[in-house]
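Undergrad: Next up, target.csv (CSV, C-alpha atoms).
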chain,number,residue,atom,x,y,z
A,1,MET,CA,-12.7,125.7,-184.4
A,2,GLU,CA,-15.9,125.9,-182.4
A,3,LEU,CA,-15.7,124.4,-179.0
A,4,THR,CA,-18.5,122.7,-177.0
A,5,THR,CA,-18.1,122.6,-173.3
A,6,GLY,CA,-20.5,120.6,-171.2
A,7,ILE,CA,-20.8,121.0,-167.4
A,8,LEU,CA,-22.5,118.1,-165.6
A,9,VAL,CA,-25.0,119.2,-163.0
A,10,PHE,CA,-27.0,117.0,-160.5
A,11,PRO,CA,-28.9,117.4,-157.3
A,12,GLY,CA,-26.5,118.6,-154.6
A,13,VAL,CA,-23.9,120.0,-157.1
A,14,GLU,CA,-21.9,122.7,-155.4
A,15,GLU,CA,-22.8,126.1,-156.8
A,16,LEU,CA,-19.4,127.7,-157.2
A,17,ASP,CA,-17.8,124.5,-158.4
A,18,PHE,CA,-19.8,124.8,-161.6
A,19,VAL,CA,-20.5,128.5,-161.9
A,20,GLY,CA,-16.8,129.4,-161.8
A,21,PRO,CA,-15.9,127.4,-164.9
A,22,TRP,CA,-19.2,128.3,-166.5
A,23,GLU,CA,-18.4,132.0,-166.2
A,24,VAL,CA,-14.9,131.5,-167.5
A,25,PHE,CA,-16.0,129.6,-170.6
A,26,LYS,CA,-19.0,131.9,-171.3
A,27,VAL,CA,-16.8,135.0,-171.0
A,28,MET,CA,-14.3,133.5,-173.5
A,29,ARG,CA,-17.2,132.8,-175.9
A,30,MET,CA,-18.4,136.4,-175.5
A,31,LEU,CA,-15.0,138.1,-175.9
A,32,LEU,CA,-14.1,136.0,-179.0
A,33,GLU,CA,-17.6,136.4,-180.4
A,34,ALA,CA,-17.3,132.7,-181.1
A,35,ASP,CA,-19.9,130.1,-181.9
A,36,ASP,CA,-18.7,128.1,-178.9
A,37,ARG,CA,-21.3,126.3,-176.9
A,38,VAL,CA,-21.2,126.1,-173.1
A,39,VAL,CA,-24.1,124.1,-171.7
A,40,THR,CA,-25.2,122.4,-168.5
A,41,ILE,CA,-26.2,118.8,-168.7
A,42,ALA,CA,-28.2,116.7,-166.2
A,43,GLN,CA,-29.9,113.3,-166.1
A,44,SER,CA,-33.2,115.1,-166.3
A,45,ARG,CA,-34.0,118.6,-167.6
A,46,GLU,CA,-36.3,119.2,-164.6
A,47,CYS,CA,-35.4,121.9,-162.1
A,48,LEU,CA,-32.7,120.6,-159.7
A,49,GLU,CA,-31.6,121.9,-156.3
A,50,CYS,CA,-27.8,122.5,-155.8
A,51,ALA,CA,-25.9,121.7,-152.6
A,52,LYS,CA,-26.5,125.1,-151.1
A,53,GLY,CA,-30.1,125.5,-152.3
A,54,LEU,CA,-29.9,127.3,-155.6
A,55,ARG,CA,-32.5,126.0,-158.0
A,56,ILE,CA,-31.4,125.8,-161.6
A,57,LEU,CA,-32.8,124.5,-164.9
A,58,PRO,CA,-30.3,122.4,-166.9
A,59,ASP,CA,-29.9,123.0,-170.6
A,60,HIS,CA,-29.7,119.4,-171.7
A,61,ASP,CA,-30.4,115.9,-170.5
A,62,PHE,CA,-28.2,112.9,-171.3
A,63,GLU,CA,-30.3,112.1,-174.3
A,64,ASP,CA,-30.1,115.4,-176.1
A,65,ALA,CA,-26.6,116.6,-174.9
A,66,PRO,CA,-24.2,117.5,-177.7
A,67,ALA,CA,-20.8,115.8,-178.2
A,68,LEU,CA,-18.3,117.6,-176.1
A,69,ASP,CA,-14.8,118.9,-176.5
A,70,VAL,CA,-14.5,119.8,-172.8
A,71,LEU,CA,-16.3,117.8,-170.1
A,72,ILE,CA,-16.4,119.5,-166.7
A,73,VAL,CA,-17.6,117.5,-163.6
A,74,PRO,CA,-18.1,119.6,-160.5
A,75,GLY,CA,-18.4,118.3,-157.0
A,76,GLY,CA,-20.7,118.8,-154.1
A,77,LEU,CA,-22.5,116.8,-151.5
A,78,GLY,CA,-24.5,115.2,-154.2
A,79,THR,CA,-21.5,113.2,-155.5
A,80,ARG,CA,-22.0,110.9,-152.5
A,81,THR,CA,-25.2,109.7,-154.1
A,82,GLU,CA,-24.4,110.2,-157.7
A,83,ARG,CA,-21.2,108.0,-157.6
A,84,SER,CA,-23.6,105.0,-157.3
A,85,ASN,CA,-25.9,106.3,-160.1
A,86,LYS,CA,-25.2,103.8,-162.9
A,87,VAL,CA,-27.0,105.9,-165.5
A,88,LEU,CA,-24.9,109.0,-164.7
A,89,VAL,CA,-21.6,107.1,-164.5
A,90,ASP,CA,-22.2,105.3,-167.7
A,91,TRP,CA,-23.1,108.5,-169.5
A,92,LEU,CA,-19.9,110.1,-168.1
A,93,ARG,CA,-17.8,107.2,-169.3
A,94,LYS,CA,-19.3,107.4,-172.8
A,95,VAL,CA,-19.1,111.1,-173.3
A,96,GLY,CA,-15.7,111.5,-171.7
A,97,GLU,CA,-14.2,108.9,-174.0
A,98,SER,CA,-14.8,111.1,-177.0
A,99,SER,CA,-14.0,114.4,-175.3
A,100,SER,CA,-10.7,116.1,-175.7
A,101,TRP,CA,-10.5,117.1,-172.1
A,102,VAL,CA,-12.1,115.4,-169.1
A,103,THR,CA,-12.0,117.6,-166.0
A,104,SER,CA,-13.3,117.8,-162.4
A,105,VAL,CA,-13.6,120.4,-159.7
A,106,CYS,CA,-13.6,119.4,-156.0
A,107,THR,CA,-15.3,116.1,-155.3
A,108,GLY,CA,-16.2,115.8,-158.9
A,109,ALA,CA,-13.1,113.6,-159.0
A,110,LEU,CA,-15.1,110.9,-157.3
A,111,LEU,CA,-17.4,110.7,-160.3
A,112,LEU,CA,-14.5,110.6,-162.7
A,113,TYR,CA,-13.0,107.8,-160.6
A,114,GLU,CA,-16.3,105.8,-160.9
A,115,ALA,CA,-16.3,106.4,-164.7
A,116,ASP,CA,-12.8,105.0,-164.8
A,117,PHE,CA,-10.9,108.1,-166.0
A,118,LEU,CA,-8.5,108.3,-163.1
A,119,ARG,CA,-6.8,104.9,-163.3
A,120,GLY,CA,-3.0,105.4,-163.1
A,121,LYS,CA,-3.4,109.2,-163.1
A,122,ARG,CA,-2.1,111.8,-160.6
A,123,VAL,CA,-5.0,113.8,-159.4
A,124,THR,CA,-6.2,116.3,-156.8
A,125,THR,CA,-9.5,117.0,-155.2
A,126,HIS,CA,-11.1,118.9,-152.2
A,127,TRP,CA,-9.0,118.4,-149.1
A,128,SER,CA,-11.9,116.7,-147.3
A,129,VAL,CA,-11.8,113.7,-149.7
A,130,ILE,CA,-8.1,113.3,-150.3
A,131,GLY,CA,-8.1,110.3,-148.0
A,132,VAL,CA,-11.0,108.6,-149.9
A,133,LEU,CA,-9.2,109.0,-153.3
A,134,ARG,CA,-5.9,107.9,-151.8
A,135,ASP,CA,-6.9,105.0,-149.5
A,136,GLU,CA,-10.2,103.7,-150.9
A,137,CYS,CA,-9.5,104.4,-154.6
A,138,GLY,CA,-5.7,103.8,-154.5
A,139,LEU,CA,-4.9,107.0,-156.5
A,140,GLU,CA,-1.8,109.2,-156.3
A,141,VAL,CA,-3.3,112.4,-154.9
A,142,VAL,CA,-1.3,115.6,-155.1
A,143,GLU,CA,-1.9,118.1,-152.2
A,144,GLY,CA,-1.4,121.8,-152.1
A,145,VAL,CA,-2.0,122.5,-155.8
A,146,ARG,CA,-4.8,124.2,-157.6
A,147,PHE,CA,-5.2,121.5,-160.3
A,148,VAL,CA,-3.3,118.6,-161.8
A,149,HIS,CA,-3.0,117.9,-165.5
A,150,ASP,CA,-2.3,114.3,-166.5
A,151,GLY,CA,-2.9,113.5,-170.2
A,152,LYS,CA,-6.4,114.6,-171.1
A,153,VAL,CA,-7.6,114.6,-167.5
A,154,VAL,CA,-7.4,117.7,-165.3
A,155,THR,CA,-8.6,117.5,-161.7
A,156,SER,CA,-8.8,120.5,-159.5
A,157,ALA,CA,-8.9,121.2,-155.8
A,158,GLY,CA,-12.0,122.4,-154.0
A,159,VAL,CA,-14.8,124.8,-155.0
A,160,SER,CA,-13.0,128.0,-156.1
A,161,ALA,CA,-10.0,126.1,-157.7
A,162,GLY,CA,-12.3,125.4,-160.7
A,163,ILE,CA,-11.8,129.0,-161.8
A,164,ASP,CA,-8.1,128.6,-161.9
A,165,MET,CA,-8.4,125.4,-163.8
A,166,ALA,CA,-10.9,126.8,-166.3
A,167,LEU,CA,-8.6,129.8,-167.0
A,168,TRP,CA,-5.7,127.4,-167.6
A,169,LEU,CA,-7.8,125.4,-170.0
A,170,VAL,CA,-8.7,128.6,-171.9
A,171,GLY,CA,-5.0,129.2,-172.3
A,172,GLN,CA,-4.5,125.7,-173.6
A,173,LEU,CA,-7.4,125.9,-176.0
A,174,ARG,CA,-7.2,129.5,-177.3
A,175,GLY,CA,-3.9,130.8,-176.1
A,176,ILE,CA,-2.7,132.7,-173.0
A,177,GLU,CA,-3.6,136.1,-174.3
A,178,VAL,CA,-7.2,135.0,-174.5
A,179,ALA,CA,-7.0,133.7,-171.0
A,180,ARG,CA,-5.7,137.0,-169.8
A,181,ARG,CA,-8.5,138.8,-171.5
A,182,VAL,CA,-11.1,136.6,-169.8
A,183,GLN,CA,-9.3,137.2,-166.5
A,184,HIS,CA,-9.4,140.9,-167.0
A,185,TRP,CA,-13.1,140.9,-167.9
A,186,MET,CA,-13.9,138.9,-164.8
A,187,GLU,CA,-11.5,141.2,-162.7
A,188,TYR,CA,-9.9,138.0,-161.5
A,189,GLN,CA,-7.0,139.5,-159.6
A,190,PRO,CA,-8.1,137.9,-156.4
A,191,MET,CA,-7.1,139.3,-153.0
A,192,PRO,CA,-8.5,137.3,-150.1
A,193,PRO,CA,-9.1,139.9,-147.4
A,194,TYR,CA,-7.6,138.1,-144.4
A,195,ALA,CA,-4.2,136.5,-144.2
A,196,PRO,CA,-4.3,132.8,-143.6
A,197,GLU,CA,-3.9,131.5,-140.1
A,198,PRO,CA,-0.1,131.9,-139.4
A,199,VAL,CA,1.7,128.5,-139.3
A,200,VAL,CA,4.7,129.9,-137.3
A,201,ARG,CA,4.0,132.1,-134.3
A,202,ALA,CA,6.2,135.0,-133.6
A,203,SER,CA,6.6,134.1,-129.9
A,204,LEU,CA,5.5,131.5,-127.4
A,205,GLU,CA,2.5,132.7,-125.3
B,206,MET,CA,-27.7,136.6,-133.7
B,207,GLU,CA,-29.2,135.0,-136.8
B,208,LEU,CA,-28.4,136.9,-140.0
B,209,THR,CA,-30.6,137.2,-143.1
B,210,THR,CA,-28.7,137.9,-146.3
B,211,GLY,CA,-30.7,138.7,-149.4
B,212,ILE,CA,-29.2,138.6,-152.9
B,213,LEU,CA,-31.1,140.5,-155.6
B,214,VAL,CA,-31.4,138.7,-158.9
B,215,PHE,CA,-32.9,139.9,-162.2
B,216,PRO,CA,-32.9,138.9,-165.9
B,217,GLY,CA,-29.4,139.4,-167.1
B,218,VAL,CA,-27.7,139.2,-163.7
B,219,GLU,CA,-24.1,138.0,-164.0
B,220,GLU,CA,-23.7,134.5,-162.7
B,221,LEU,CA,-20.5,134.7,-160.8
B,222,ASP,CA,-21.4,138.1,-159.4
B,223,PHE,CA,-24.1,136.6,-157.3
B,224,VAL,CA,-22.9,133.0,-156.9
B,225,GLY,CA,-19.6,134.0,-155.4
B,226,PRO,CA,-21.2,135.8,-152.4
B,227,TRP,CA,-24.0,133.2,-152.3
B,228,GLU,CA,-21.3,130.5,-151.8
B,229,VAL,CA,-19.5,132.5,-149.1
B,230,PHE,CA,-22.6,133.2,-147.0
B,231,LYS,CA,-24.0,129.7,-147.4
B,232,VAL,CA,-20.7,128.1,-146.4
B,233,MET,CA,-20.6,130.4,-143.3
B,234,ARG,CA,-24.1,129.2,-142.4
B,235,MET,CA,-23.1,125.6,-142.8
B,236,LEU,CA,-19.9,125.8,-140.8
B,237,LEU,CA,-21.5,127.6,-137.9
B,238,GLU,CA,-24.6,125.4,-138.1
B,239,ALA,CA,-26.4,128.7,-137.8
B,240,ASP,CA,-30.0,129.6,-138.4
B,241,ASP,CA,-28.9,132.2,-140.8
B,242,ARG,CA,-30.9,132.7,-144.0
B,243,VAL,CA,-29.3,133.4,-147.4
B,244,VAL,CA,-31.9,133.9,-150.1
B,245,THR,CA,-32.2,135.1,-153.7
B,246,ILE,CA,-34.9,137.8,-154.3
B,247,ALA,CA,-36.4,138.9,-157.6
B,248,GLN,CA,-39.3,141.0,-158.8
B,249,SER,CA,-41.0,137.7,-159.7
B,250,ARG,CA,-40.5,134.2,-158.6
B,251,GLU,CA,-40.6,132.9,-162.1
B,252,CYS,CA,-37.6,131.3,-163.7
B,253,LEU,CA,-35.2,134.0,-164.9
B,254,GLU,CA,-32.3,133.8,-167.3
B,255,CYS,CA,-28.9,135.2,-166.2
B,256,ALA,CA,-26.5,137.2,-168.3
B,257,LYS,CA,-24.7,134.2,-169.6
B,258,GLY,CA,-27.7,132.0,-170.0
B,259,LEU,CA,-28.1,130.1,-166.7
B,260,ARG,CA,-31.7,129.7,-165.7
B,261,ILE,CA,-32.5,130.0,-162.0
B,262,LEU,CA,-35.6,130.0,-159.8
B,263,PRO,CA,-35.5,132.9,-157.2
B,264,ASP,CA,-36.4,132.1,-153.6
B,265,HIS,CA,-38.5,135.2,-153.0
B,266,ASP,CA,-40.3,138.0,-154.8
B,267,PHE,CA,-40.4,141.6,-153.5
B,268,GLU,CA,-43.7,140.9,-151.7
B,269,ASP,CA,-42.6,137.9,-149.6
B,270,ALA,CA,-38.9,138.7,-149.1
B,271,PRO,CA,-37.8,138.8,-145.5
B,272,ALA,CA,-36.2,141.9,-143.8
B,273,LEU,CA,-32.5,141.8,-144.5
B,274,ASP,CA,-29.3,142.3,-142.4
B,275,VAL,CA,-27.2,142.2,-145.5
B,276,LEU,CA,-28.4,143.3,-149.0
B,277,ILE,CA,-26.2,142.2,-151.9
B,278,VAL,CA,-26.8,143.7,-155.4
B,279,PRO,CA,-24.9,141.9,-158.2
B,280,GLY,CA,-24.3,143.4,-161.6
B,281,GLY,CA,-24.5,142.1,-165.2
B,282,LEU,CA,-25.8,143.3,-168.5
B,283,GLY,CA,-29.4,143.4,-167.0
B,284,THR,CA,-28.5,146.4,-164.9
B,285,ARG,CA,-28.8,148.6,-168.1
B,286,THR,CA,-32.5,147.8,-168.1
B,287,GLU,CA,-33.1,147.4,-164.4
B,288,ARG,CA,-31.7,150.8,-163.5
B,289,SER,CA,-34.9,152.2,-165.1
B,290,ASN,CA,-37.2,149.7,-163.4
B,291,LYS,CA,-39.0,151.8,-160.8
B,292,VAL,CA,-40.5,148.9,-159.0
B,293,LEU,CA,-37.0,147.3,-158.5
B,294,VAL,CA,-35.3,150.6,-157.5
B,295,ASP,CA,-38.1,151.5,-155.1
B,296,TRP,CA,-37.8,148.1,-153.5
B,297,LEU,CA,-34.1,148.4,-153.2
B,298,ARG,CA,-34.4,151.8,-151.5
B,299,LYS,CA,-36.9,150.5,-149.0
B,300,VAL,CA,-35.1,147.3,-148.1
B,301,GLY,CA,-31.7,148.9,-148.1
B,302,GLU,CA,-32.7,151.6,-145.7
B,303,SER,CA,-33.4,149.0,-143.0
B,304,SER,CA,-30.5,146.8,-143.8
B,305,SER,CA,-27.3,146.9,-141.7
B,306,TRP,CA,-25.1,146.5,-144.9
B,307,VAL,CA,-25.9,147.6,-148.4
B,308,THR,CA,-23.5,146.1,-150.9
B,309,SER,CA,-22.9,145.7,-154.6
B,310,VAL,CA,-20.8,143.6,-156.9
B,311,CYS,CA,-19.7,144.9,-160.3
B,312,THR,CA,-22.3,147.0,-162.1
B,313,GLY,CA,-24.7,146.4,-159.3
B,314,ALA,CA,-23.4,149.8,-158.1
B,315,LEU,CA,-25.5,151.4,-160.9
B,316,LEU,CA,-28.6,150.0,-159.1
B,317,LEU,CA,-27.4,151.3,-155.7
B,318,TYR,CA,-26.9,154.7,-157.3
B,319,GLU,CA,-30.4,154.7,-158.7
B,320,ALA,CA,-31.7,153.8,-155.2
B,321,ASP,CA,-29.8,156.7,-153.8
B,322,PHE,CA,-27.4,154.8,-151.6
B,323,LEU,CA,-24.2,156.2,-153.1
B,324,ARG,CA,-24.6,159.9,-152.7
B,325,GLY,CA,-21.4,161.4,-151.2
B,326,LYS,CA,-19.8,157.9,-151.0
B,327,ARG,CA,-16.5,156.6,-152.3
B,328,VAL,CA,-17.3,153.6,-154.4
B,329,THR,CA,-15.9,151.1,-156.9
B,330,THR,CA,-17.4,149.0,-159.7
B,331,HIS,CA,-16.4,147.0,-162.8
B,332,TRP,CA,-13.7,148.8,-164.8
B,333,SER,CA,-16.1,149.1,-167.8
B,334,VAL,CA,-18.5,151.5,-166.0
B,335,ILE,CA,-16.1,153.6,-164.0
B,336,GLY,CA,-16.6,156.4,-166.4
B,337,VAL,CA,-20.4,156.2,-166.0
B,338,LEU,CA,-20.3,156.4,-162.2
B,339,ARG,CA,-17.7,159.1,-162.3
B,340,ASP,CA,-18.9,161.4,-165.1
B,341,GLU,CA,-22.6,160.7,-165.3
B,342,CYS,CA,-23.3,160.1,-161.7
B,343,GLY,CA,-20.6,162.4,-160.3
B,344,LEU,CA,-19.3,159.9,-157.8
B,345,GLU,CA,-15.8,159.5,-156.4
B,346,VAL,CA,-14.7,156.2,-157.9
B,347,VAL,CA,-11.7,154.3,-156.5
B,348,GLU,CA,-9.8,152.2,-159.1
B,349,GLY,CA,-7.5,149.2,-158.6
B,350,VAL,CA,-9.1,148.0,-155.4
B,351,ARG,CA,-11.3,144.9,-154.8
B,352,PHE,CA,-13.9,146.7,-152.8
B,353,VAL,CA,-14.6,150.0,-151.0
B,354,HIS,CA,-16.2,150.3,-147.6
B,355,ASP,CA,-17.9,153.6,-146.8
B,356,GLY,CA,-20.3,153.6,-143.9
B,357,LYS,CA,-22.8,150.8,-144.3
B,358,VAL,CA,-22.2,150.7,-148.1
B,359,VAL,CA,-19.7,148.3,-149.6
B,360,THR,CA,-19.1,148.4,-153.4
B,361,SER,CA,-16.9,145.9,-155.1
B,362,ALA,CA,-15.1,145.6,-158.4
B,363,GLY,CA,-16.2,143.3,-161.2
B,364,VAL,CA,-17.5,139.7,-161.1
B,365,SER,CA,-15.0,137.8,-159.0
B,366,ALA,CA,-14.4,140.6,-156.6
B,367,GLY,CA,-17.7,139.8,-154.9
B,368,ILE,CA,-16.0,136.8,-153.3
B,369,ASP,CA,-13.3,139.0,-151.7
B,370,MET,CA,-16.0,141.4,-150.5
B,371,ALA,CA,-18.2,138.7,-149.1
B,372,LEU,CA,-15.3,137.1,-147.2
B,373,TRP,CA,-14.5,140.5,-145.7
B,374,LEU,CA,-18.1,140.9,-144.7
B,375,VAL,CA,-18.1,137.5,-143.0
B,376,GLY,CA,-15.1,138.7,-141.0
B,377,GLN,CA,-16.9,141.9,-140.0
B,378,LEU,CA,-20.1,140.0,-139.0
B,379,ARG,CA,-18.7,136.9,-137.4
B,380,GLY,CA,-15.0,137.5,-136.9
B,381,ILE,CA,-11.9,136.8,-138.9
B,382,GLU,CA,-11.4,133.2,-137.7
B,383,VAL,CA,-14.8,132.4,-139.2
B,384,ALA,CA,-13.9,134.1,-142.5
B,385,ARG,CA,-10.7,132.0,-142.6
B,386,ARG,CA,-12.7,128.8,-142.0
B,387,VAL,CA,-15.0,129.7,-144.9
B,388,GLN,CA,-12.0,130.5,-147.1
B,389,HIS,CA,-10.4,127.1,-146.2
B,390,TRP,CA,-13.6,125.2,-146.9
B,391,MET,CA,-13.9,126.9,-150.3
B,392,GLU,CA,-10.2,126.4,-150.9
B,393,TYR,CA,-10.0,130.0,-151.7
B,394,GLN,CA,-6.2,130.4,-152.1
B,395,PRO,CA,-6.5,131.6,-155.6
B,396,MET,CA,-3.7,131.3,-158.1
B,397,PRO,CA,-4.5,132.7,-161.5
B,398,PRO,CA,-2.6,130.4,-163.8
B,399,TYR,CA,-1.1,133.0,-166.2
B,400,ALA,CA,0.8,136.1,-165.1
B,401,PRO,CA,-0.9,139.4,-166.1
B,402,GLU,CA,0.3,141.2,-169.2
B,403,PRO,CA,3.6,142.8,-168.2
B,404,VAL,CA,3.3,146.5,-167.8
B,405,VAL,CA,7.0,147.1,-168.2
B,406,ARG,CA,8.9,145.2,-170.9
B,407,ALA,CA,12.4,143.9,-170.2
B,408,SER,CA,13.8,145.3,-173.4
B,409,LEU,CA,12.7,147.2,-176.5
B,410,GLU,CA,11.9,145.0,-179.5
Step by step, read the file and then write its structure as structure tokens.

TA:
Amino acid sequence: MELTTGILVFPGVEELDFVGPWEVFKVMRMLLEADDRVVTIAQSRECLECAKGLRILPDHDFEDAPALDVLIVPGGLGTRTERSNKVLVDWLRKVGESSSWVTSVCTGALLLYEADFLRGKRVTTHWSVIGVLRDECGLEVVEGVRFVHDGKVVTSAGVSAGIDMALWLVGQLRGIEVARRVQHWMEYQPMPPYAPEPVVRASLE
Amino acid sequence: MELTTGILVFPGVEELDFVGPWEVFKVMRMLLEADDRVVTIAQSRECLECAKGLRILPDHDFEDAPALDVLIVPGGLGTRTERSNKVLVDWLRKVGESSSWVTSVCTGALLLYEADFLRGKRVTTHWSVIGVLRDECGLEVVEGVRFVHDGKVVTSAGVSAGIDMALWLVGQLRGIEVARRVQHWMEYQPMPPYAPEPVVRASLE
């Protein structure tokens, strides 16, 4: 079965939030020599500026976007504005209803909340907006995990966590061996170079 | 000191190769509220299509690019063509000579080789071109590492390894505590969801 994956983009979308899953799904397509489609979708096809200044041209607008098997909603500073964008939220609600998977990275969870996909779900998000989702939105937010799977909704933690979520989805969609091949091609055996700040100190100073 | 980081982009550049370090250096800039510059540079400022189809607009061309403290050369299928592009290779040689750091991600090492930065250096690259760098270029290639630091040259393994290298560079440039803050903001505590293919099997089948 051919899969169509659509990644929402908008002004102020965080670059790595969407490029991580983009890379994962595009590499899957390449390795399988599949007729899968992986596309970016925005309200307008005009050039848009991401959160950190990268300028990109979306593949589709809301009118000509294909039906999706997998919907990916990244985050970024732009979600503060876009969560009040009725056109975007209405489009998300419509396209997500017919998608097999509805997913978010980072603060993209705020947009899924507005489109009413998170009611009664356990979710996660970037650490900076856990309070918003928990207190303002009344959601059960799980901390300290890379992503949370609840029915057809998968929400992931901040920025880089979208890579882990996308690889997990590849495993669900095409099997774990395919996910491992994607990981190998991307050389995703990550080794952050500095140890985290120690929580327990060896001695009192 | 304000830092200027320039990321080379070209048709067929691999998306995550350059967006990983882009995100790391942009987040450092944001967290420090620094006047650092992080820019993409291409031979032409026209829209270009990356290896997996993302279309981007570069910030600078070779003529108006600023002097760089850190030069980052990503890889991608486009390096097969660009390594014969005399204009690009000459620009790389010139700008790299005056940079404090000359770095590559993935097959970007092929471009650094052409620009003569790798002579006598220990290097690494994407696993698919280790043979090229070792046999055709006669370089000492280290396998199974995320990146190799040799003088002012830092070469990293494939695609996602650029994130680890960029974080390491942030630590060298601005201190380990700053690198940890960047890592925290990006939630870069990666957890690939599937274990690698086991090398040793528990039993004969």

Undergrad: If we count only C-alpha atoms and set the cut-off at 7 Å, which residues sit around Lys52 in chain A, ignoring sequence neighbours fewer than 5 positions away in its own chain? Please answer as number ranges by chain.

TA: A: 14-15; B: 231

Undergrad: For chain B against chain A, which residues fall within 6 Å using only C-alpha atoms, given as a list of chain:residue names?

TA: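 Therefore, the residues near the partner are B:Arg260, B:Ile261, B:Leu262, B:Gly363, B:Val364, B:Ser365, B:Asp369, B:Trp373, B:Met391, B:Glu392, B:Tyr393, B:Pro397, B:Pro398.
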
Undergrad: Go ahead and find all residues with at least one atom no further than 9 Å from (-30.1, 154.7, -163.2) in the file's coordinates, using only C-alpha atoms; report them as number ranges by chain.

TA: B: 284-290, 294, 315-320, 342

Undergrad: What separation in Å, quoted to one decimal, exists between CA of Asp116 in chain A and CA of Leu77 in chain A?

TA: 20.3 Å

Undergrad: Which residues come within 9 Å of Trp306 in chain B, counting all atoms listed in the file, excluding same-chain residues fewer than 3 positions away, as an MDAnalysis selection string?

TA: chainID B and resid 273:277 301 303 356:359 374

Undergrad: When you draw a straight line from CA of Val278 in chain B to CA of Val346 in chain B, how long is it in Å?

TA: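 It comes out at 17.6 Å.
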
Undergrad: Expressed in Å to a single decimal, how great is the separation between CA of Leu378 in chain B and CA of Thr329 in chain B?

TA: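 Spanning CA of Leu378 in chain B to CA of Thr329 in chain B is a straight-line distance of 21.5 Å.
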
Undergrad: Considering all atoms listed in the file, can you say which of A:Glu140, A:Leu32, A:Arg119, A:Glu97 comes closest to Gly175 in chain A?

TA: A:Leu32

Undergrad: Determine, counting only C-alpha atoms, which protein, DNA and RNA residues have an atom within 6 Å of an atom of Gly283 in chain B; residues of the same chain fewer than 4 positions away are not included. Present the result as a VMD selection string.

TA: chain B and resid 216 to 218

Undergrad: Create the file for the chosen residues now, containing C-alpha atoms and written as an mmCIF file, in the frame of the given file.

TA:
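Result file follows (out-v2.cif):
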data_model
loop_
_atom_site.group_PDB
_atom_site.id
_atom_site.type_symbol
_atom_site.label_atom_id
_atom_site.label_comp_id
_atom_site.auth_asym_id
_atom_site.auth_seq_id
_atom_site.Cartn_x
_atom_site.Cartn_y
_atom_site.Cartn_z
ATOM 1 C CA PRO B 216 -32.900 138.900 -165.900
ATOM 2 C CA GLY B 217 -29.400 139.400 -167.100
ATOM 3 C CA VAL B 218 -27.700 139.200 -163.700
#

Undergrad: Ranking A:Val95, A:Met1, A:Val87, A:Leu8 by minimum distance to His60 in chain A and counting all atoms listed in the file, which one comes first?

TA: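 Once distances to His60 in chain A are computed over all atoms listed in the file, the minimum belongs to A:Leu8.
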